[in-house]
Amino acid sequence: MEQNPPESVPSIKEKLKNSREREEECAANLQLHRKDLLRARTEAINVVLAHQKAIVQLDQELDENAKDIKNMHVHFISERETLLSSFVGSLLKEKKKAAEDQPDAPQFVAPRHTPTIMCFLRTHLNQPGMVSCGRKIRECESFMLQTNRERMELLFAQHRCFGCFLPLSVAGHLKLADCPHPRFCAICKTNDHHQILCAPRRVYQGIIPE
Ligand SMILES: [Zn+2]
Ligand SMILES: [Zn+2]
Ligand SMILES: [Zn+2]
């Protein structure tokens, strides 16, 4: 068997030097990545803070506009049906028809394009990430019988997209404009929110991108 000649001391020193330089380079890169990560974290925190601020503003505006909003709620608690009839006449007809066909039919009609992700109602979650009501959100009576305001607050509180209702951290988009979920509000004839979130436009100012 042939043996390599032993390496000379200068050559080993050279290799050591090279490896030390690479190590320093790696350490520098690591430092850079850490800085990037910290920056990303700060940005994420800023997004959350901006959301919280938006909720406070929204609350104020909602109070101011409570009267308007009352007329716009899309839900089917009987005492409000008269108020709603001019806005959701067709849906009410659908609901009545469904109730006649099936006496046990749910007390609501989920508008088209209502997301089908699992229920995320706070009271229906056992632990973070655990779903216990076991229904799709559009089939969850407790959610569908909430007012639009309550739904908006829930979506805000959980940092969810207004289009697909997914948490922004998993939706893969931060702006509604980038959300691929189909949405059209039959009440105000726009496509920047779900019908079940409909409210006067000024309520959404600064929250839904123009
Ligand atoms: Zn539920
Ligand atoms: Zn979305
Ligand atoms: Zn609308």
# chains A, B, ... in the order shown; residues from 1 in each chain; ligands from 1
>>> residues_near_ligand(ligand="ligand 3", cutoff="10 Å", atoms="only C-alpha atoms and all ligand atoms", output="NGL selection string")
:A and (72 or 74 or 184-201)
>>> closest_atom_pairs(of="chain A", to="ligand 2", cutoff="12 Å", atoms="only C-alpha atoms and all ligand atoms", output="JSON lines")
{"residue": "A:Thr114", "atom": "CA", "partner": "ligand 2", "partner_atom_place_in_ligand_line": "1 (Zn)", "distance": 11.8}
{"residue": "A:Pro115", "atom": "CA", "partner": "ligand 2", "partner_atom_place_in_ligand_line": "1 (Zn)", "distance": 9.7}
{"residue": "A:Ile117", "atom": "CA", "partner": "ligand 2", "partner_atom_place_in_ligand_line": "1 (Zn)", "distance": 11.5}
{"residue": "A:Leu155", "atom": "CA", "partner": "ligand 2", "partner_atom_place_in_ligand_line": "1 (Zn)", "distance": 11.3}
{"residue": "A:His159", "atom": "CA", "partner": "ligand 2", "partner_atom_place_in_ligand_line": "1 (Zn)", "distance": 10.9}
{"residue": "A:Arg160", "atom": "CA", "partner": "ligand 2", "partner_atom_place_in_ligand_line": "1 (Zn)", "distance": 7.8}
{"residue": "A:Cys161", "atom": "CA", "partner": "ligand 2", "partner_atom_place_in_ligand_line": "1 (Zn)", "distance": 4.6}
{"residue": "A:Phe162", "atom": "CA", "partner": "ligand 2", "partner_atom_place_in_ligand_line": "1 (Zn)", "distance": 6.3}
{"residue": "A:Gly163", "atom": "CA", "partner": "ligand 2", "partner_atom_place_in_ligand_line": "1 (Zn)", "distance": 4.5}
{"residue": "A:Cys164", "atom": "CA", "partner": "ligand 2", "partner_atom_place_in_ligand_line": "1 (Zn)", "distance": 3.9}
{"residue": "A:Phe165", "atom": "CA", "partner": "ligand 2", "partner_atom_place_in_ligand_line": "1 (Zn)", "distance": 6.1}
{"residue": "A:Leu166", "atom": "CA", "partner": "ligand 2", "partner_atom_place_in_ligand_line": "1 (Zn)", "distance": 6.1}
{"residue": "A:Pro167", "atom": "CA", "partner": "ligand 2", "partner_atom_place_in_ligand_line": "1 (Zn)", "distance": 8.2}
{"residue": "A:Leu168", "atom": "CA", "partner": "ligand 2", "partner_atom_place_in_ligand_line": "1 (Zn)", "distance": 7.5}
{"residue": "A:Ser169", "atom": "CA", "partner": "ligand 2", "partner_atom_place_in_ligand_line": "1 (Zn)", "distance": 10.5}
{"residue": "A:Val170", "atom": "CA", "partner": "ligand 2", "partner_atom_place_in_ligand_line": "1 (Zn)", "distance": 9.4}
{"residue": "A:Ala171", "atom": "CA", "partner": "ligand 2", "partner_atom_place_in_ligand_line": "1 (Zn)", "distance": 5.8}
{"residue": "A:Gly172", "atom": "CA", "partner": "ligand 2", "partner_atom_place_in_ligand_line": "1 (Zn)", "distance": 7.9}
{"residue": "A:His173", "atom": "CA", "partner": "ligand 2", "partner_atom_place_in_ligand_line": "1 (Zn)", "distance": 6.6}
{"residue": "A:Leu174", "atom": "CA", "partner": "ligand 2", "partner_atom_place_in_ligand_line": "1 (Zn)", "distance": 7.9}
{"residue": "A:Lys175", "atom": "CA", "partner": "ligand 2", "partner_atom_place_in_ligand_line": "1 (Zn)", "distance": 7.7}
{"residue": "A:Leu176", "atom": "CA", "partner": "ligand 2", "partner_atom_place_in_ligand_line": "1 (Zn)", "distance": 6.0}
{"residue": "A:Ala177", "atom": "CA", "partner": "ligand 2", "partner_atom_place_in_ligand_line": "1 (Zn)", "distance": 8.5}
{"residue": "A:Asp178", "atom": "CA", "partner": "ligand 2", "partner_atom_place_in_ligand_line": "1 (Zn)", "distance": 7.2}
{"residue": "A:Cys179", "atom": "CA", "partner": "ligand 2", "partner_atom_place_in_ligand_line": "1 (Zn)", "distance": 4.0}
{"residue": "A:Pro180", "atom": "CA", "partner": "ligand 2", "partner_atom_place_in_ligand_line": "1 (Zn)", "distance": 6.4}
{"residue": "A:His181", "atom": "CA", "partner": "ligand 2", "partner_atom_place_in_ligand_line": "1 (Zn)", "distance": 6.0}
{"residue": "A:Pro182", "atom": "CA", "partner": "ligand 2", "partner_atom_place_in_ligand_line": "1 (Zn)", "distance": 9.3}
{"residue": "A:Arg183", "atom": "CA", "partner": "ligand 2", "partner_atom_place_in_ligand_line": "1 (Zn)", "distance": 10.0}
{"residue": "A:Asp192", "atom": "CA", "partner": "ligand 2", "partner_atom_place_in_ligand_line": "1 (Zn)", "distance": 10.9}
{"residue": "A:His193", "atom": "CA", "partner": "ligand 2", "partner_atom_place_in_ligand_line": "1 (Zn)", "distance": 10.3}
{"residue": "A:His194", "atom": "CA", "partner": "ligand 2", "partner_atom_place_in_ligand_line": "1 (Zn)", "distance": 11.1}
{"residue": "A:Ile208", "atom": "CA", "partner": "ligand 2", "partner_atom_place_in_ligand_line": "1 (Zn)", "distance": 11.9}
>>> atom_distance(atom1="atom CA of A:Ala40", atom2="atom CA of A:Glu153")
26.0 Å
>>> residues_near_ligand(ligand="ligand 1", cutoff="10 Å", atoms="only C-alpha atoms and all ligand atoms", output="ChimeraX atom specification")
/A:118-125,131-144
>>> closest_residue(among="A:Met152, A:Leu16, A:Val47, A:Ala28", to="A:Asp59", atoms="only C-alpha atoms")
A:Met152
>>> closest_atom_pairs(of="stretch 16-73 of chain A", to="stretch 5-12 of chain A", cutoff="12 Å", atoms="only C-alpha atoms", output="tab-separated table")
residue	atom	partner	partner_atom	distance
A:Leu16	CA	A:Ile12	CA	6.1
A:Lys17	CA	A:Ile12	CA	8.5
A:Asn18	CA	A:Ile12	CA	9.8
A:Ser19	CA	A:Ile12	CA	10.5
>>> decode(residues="stretch 9-34 of chain A", atoms="C-alpha atoms", output="PDB file, in the first residue's frame")
ATOM      1  CA  VAL A   9       4.249  21.953   8.623  1.00  0.00           C
ATOM      2  CA  PRO A  10       3.735  25.072   6.466  1.00  0.00           C
ATOM      3  CA  SER A  11       0.989  23.273   4.524  1.00  0.00           C
ATOM      4  CA  ILE A  12      -0.828  22.268   7.711  1.00  0.00           C
ATOM      5  CA  LYS A  13      -0.502  25.808   9.018  1.00  0.00           C
ATOM      6  CA  GLU A  14      -1.944  27.115   5.774  1.00  0.00           C
ATOM      7  CA  LYS A  15      -4.925  24.731   6.046  1.00  0.00           C
ATOM      8  CA  LEU A  16      -5.508  25.738   9.646  1.00  0.00           C
ATOM      9  CA  LYS A  17      -5.455  29.363   8.645  1.00  0.00           C
ATOM     10  CA  ASN A  18      -7.987  28.752   5.864  1.00  0.00           C
ATOM     11  CA  SER A  19     -10.282  26.850   8.153  1.00  0.00           C
ATOM     12  CA  ARG A  20     -10.116  29.596  10.757  1.00  0.00           C
ATOM     13  CA  GLU A  21     -11.016  32.151   8.106  1.00  0.00           C
ATOM     14  CA  ARG A  22     -14.004  30.074   7.040  1.00  0.00           C
ATOM     15  CA  GLU A  23     -15.080  29.791  10.643  1.00  0.00           C
ATOM     16  CA  GLU A  24     -14.957  33.558  11.031  1.00  0.00           C
ATOM     17  CA  GLU A  25     -16.967  33.963   7.848  1.00  0.00           C
ATOM     18  CA  CYS A  26     -19.613  31.551   9.145  1.00  0.00           C
ATOM     19  CA  ALA A  27     -19.781  33.388  12.445  1.00  0.00           C
ATOM     20  CA  ALA A  28     -20.257  36.669  10.593  1.00  0.00           C
ATOM     21  CA  ASN A  29     -23.040  35.159   8.457  1.00  0.00           C
ATOM     22  CA  LEU A  30     -24.725  33.774  11.547  1.00  0.00           C
ATOM     23  CA  GLN A  31     -24.618  37.211  13.106  1.00  0.00           C
ATOM     24  CA  LEU A  32     -26.263  38.678  10.002  1.00  0.00           C
ATOM     25  CA  HIS A  33     -29.018  36.052  10.011  1.00  0.00           C
ATOM     26  CA  ARG A  34     -29.654  36.695  13.665  1.00  0.00           C
TER      27      ARG A  34
END
